[in-house]
Amino acid sequence: MMAEQTVYKPGLDGVIAAETGISYLDVEAEEIVIRGYELIELAEKKQYLDLVHLLLQGSLPKDSDRASLQKELKQEYSLPPKFFRLFEQLPKKTHPMDALRTGISALSGYDERLNERNEEENLKKAMLLLAKIPNIVANSYHILHGQKPVKPKQDLPYSDNFLYMITGKKPTAREAAIFDQSLMVYSEHEMPNSTFAARVIASTNADIYGALTGAVASLKGNLHGGANEAVMYMLLEGETIEGFRYLLYKKLKNKEKVMGFGHRVYMKKMDPRAALMKEALRELAEEKGRMDLFEMCEAGETLIREEKGLYPNLDYYAAPVYYLLGIPIELYTPIFYASRTLGLCAHIFEQHSNNKLFRPRVHYTGPRGLHP
């Protein structure tokens, strides 16, 4: 009997790993489909809370649904008493993504119904996590930097409160809208590494906290979520348009990877999410008198396209947007994760509802026939 034939695809490139009704990247049509809707259109016309209802409950909310959703999240903004002591014990050099990973894992210990997997319980857990993770992101950073935690404001909408806890300042309507839009475009993106990691963990029938903790570890890597931080450090190092162009030329000459460009899926076209954030950056730059930063980004975009045929991904324009919003660079990736918690929860729900344990095979390249 012949052995079953398998094909080795490094990085699982092009391999279909799951059937899903959540999202799909249609590269040719330049669309990111979210439960039948186009993500960019949603980001232009709706709010992050609308996506919460759409991804977790399958439909866009009515006004009454949105109000109820906002009320439920506000009730869960706060963290358990003494929870912040956890971050006080961590070394001060701890990266916020590592603090976030620790925080989500620790939060599971407070869930008395941790091992319940039914639809109602999963939804409750997702809402709790969506409410508390922004608090963990913002205040683990403050504590690690010797600052006092910033308490959530119950009178602020979800995204406004998240930005407030980070900066300590109530955002303007425009700042809050742009930040909310950034959360939307980061919220879900089919099957990147972190989503795959979460589904693989969930397929063992692990709890939602465990799956999300694994996803944090995945998203920290600079080939995935960490790229937005690297982009901002690169822009700051360049300082000026000419300085940035020189820096990029040097990286290309040395065959270094230029962060913020290229994408496993968007090979020949610009990431539509990047185009949306580019316009958001233009707005913020005009408002804050920082058109030099926008022009620097445009110059870099042109250079890399002409030299390498690569286009910006979301991280390239999200990074300077966050910089102009006054967000510390170390928090760019945790914010990415906080927004992506939504998509991750939707995928974990789907995995639990129609589960098959992930157990792939290998392409063996080692020796055979050895004897001791």
# chains A, B, ... in the order shown; residues from 1 in each chain; ligands from 1
call {"tool": "residues_around", "arguments": {"residues": "range 80-92 of chain A", "least_positions_apart": "4", "cutoff": "8 Å", "atoms": "only C-alpha atoms", "output": "PyMOL selection string"}}
result
chain A and resi 99+103+110+139-140+143-145
call {"tool": "closest_atom_pairs", "arguments": {"of": "range 216-236 of chain A", "to": "range 248-261 of chain A", "cutoff": "7 Å", "atoms": "only C-alpha atoms", "output": "JSON lines"}}
result
{"residue": "A:Ala227", "atom": "CA", "partner": "A:Met259", "partner_atom": "CA", "distance": 5.8}
{"residue": "A:Asn228", "atom": "CA", "partner": "A:Gly260", "partner_atom": "CA", "distance": 6.9}
{"residue": "A:Ala230", "atom": "CA", "partner": "A:Met259", "partner_atom": "CA", "distance": 6.4}
{"residue": "A:Val231", "atom": "CA", "partner": "A:Met259", "partner_atom": "CA", "distance": 5.8}
call {"tool": "write_last_selection", "arguments": {"atoms": "all heavy atoms", "output": "short mmCIF file (atom, residue, chain, number, x, y, z; two decimals), in the first residue's frame"}}
result
data_model
loop_
_atom_site.label_atom_id
_atom_site.label_comp_id
_atom_site.auth_asym_id
_atom_site.auth_seq_id
_atom_site.Cartn_x
_atom_site.Cartn_y
_atom_site.Cartn_z
N ALA A 227 6.07 45.07 13.70
CA ALA A 227 6.57 45.92 12.62
C ALA A 227 6.22 47.39 12.81
O ALA A 227 6.98 48.26 12.39
CB ALA A 227 6.02 45.42 11.28
N ASN A 228 5.07 47.69 13.43
CA ASN A 228 4.68 49.10 13.57
C ASN A 228 5.65 49.87 14.46
O ASN A 228 5.96 51.04 14.21
CB ASN A 228 3.23 49.25 14.03
CG ASN A 228 2.88 48.43 15.25
OD1 ASN A 228 3.76 47.97 15.98
ND2 ASN A 228 1.60 48.24 15.50
N ALA A 230 8.88 49.11 14.77
CA ALA A 230 10.11 49.24 13.98
C ALA A 230 10.00 50.37 12.96
O ALA A 230 10.97 51.09 12.71
CB ALA A 230 10.41 47.91 13.28
N VAL A 231 8.83 50.53 12.37
CA VAL A 231 8.60 51.61 11.40
C VAL A 231 8.83 52.97 12.04
O VAL A 231 9.51 53.84 11.48
CB VAL A 231 7.17 51.53 10.81
CG1 VAL A 231 6.82 52.82 10.06
CG2 VAL A 231 7.04 50.33 9.88
#
call {"tool": "residues_around", "arguments": {"residues": "Glu295 in chain A", "least_positions_apart": "3", "cutoff": "10 Å", "atoms": "only C-alpha atoms", "output": "number ranges by chain"}}
result
A: 240-241, 282, 285, 290-292, 298-301
call {"tool": "closest_atom_pairs", "arguments": {"of": "range 105-153 of chain A", "to": "range 199-212 of chain A", "cutoff": "8 Å", "atoms": "only C-alpha atoms", "output": "Markdown table"}}
result
| residue | atom | partner | partner_atom | distance |
| --- | --- | --- | --- | --- |
| A:Ser105 | CA | A:Tyr209 | CA | 6.2 |
| A:Leu107 | CA | A:Tyr209 | CA | 7.8 |
| A:Ser108 | CA | A:Tyr209 | CA | 6.0 |
| A:Leu114 | CA | A:Asp207 | CA | 6.8 |
| A:Asn115 | CA | A:Asp207 | CA | 6.2 |
| A:Arg117 | CA | A:Asp207 | CA | 7.5 |
| A:Asn122 | CA | A:Ile208 | CA | 7.7 |
| A:Lys125 | CA | A:Ile208 | CA | 7.7 |
call {"tool": "closest_residue", "arguments": {"among": "A:Ser68, A:Gln154, A:Gln351, A:Thr333", "to": "Gly226 in chain A", "atoms": "only C-alpha atoms"}}
result
A:Thr333
call {"tool": "atom_distance", "arguments": {"atom1": "CA of Tyr164 in chain A", "atom2": "CA of Ile133 in chain A"}}
result
14.1 Å
call {"tool": "closest_residue", "arguments": {"among": "A:Tyr323, A:Phe162, A:Tyr77, A:Tyr332", "to": "Met127 in chain A", "atoms": "only C-alpha atoms"}}
result
A:Tyr77
call {"tool": "residues_around", "arguments": {"residues": "Ala131 in chain A", "least_positions_apart": "2", "cutoff": "9 Å", "atoms": "only C-alpha atoms", "output": "PyMOL selection string"}}
result
chain A and resi 72-78+126-129+133-135+158
call {"tool": "closest_residue", "arguments": {"among": "A:Lys278, A:Arg101, A:Lys220, A:Arg66", "to": "Pro157 in chain A", "atoms": "only C-alpha atoms"}}
result
A:Arg66
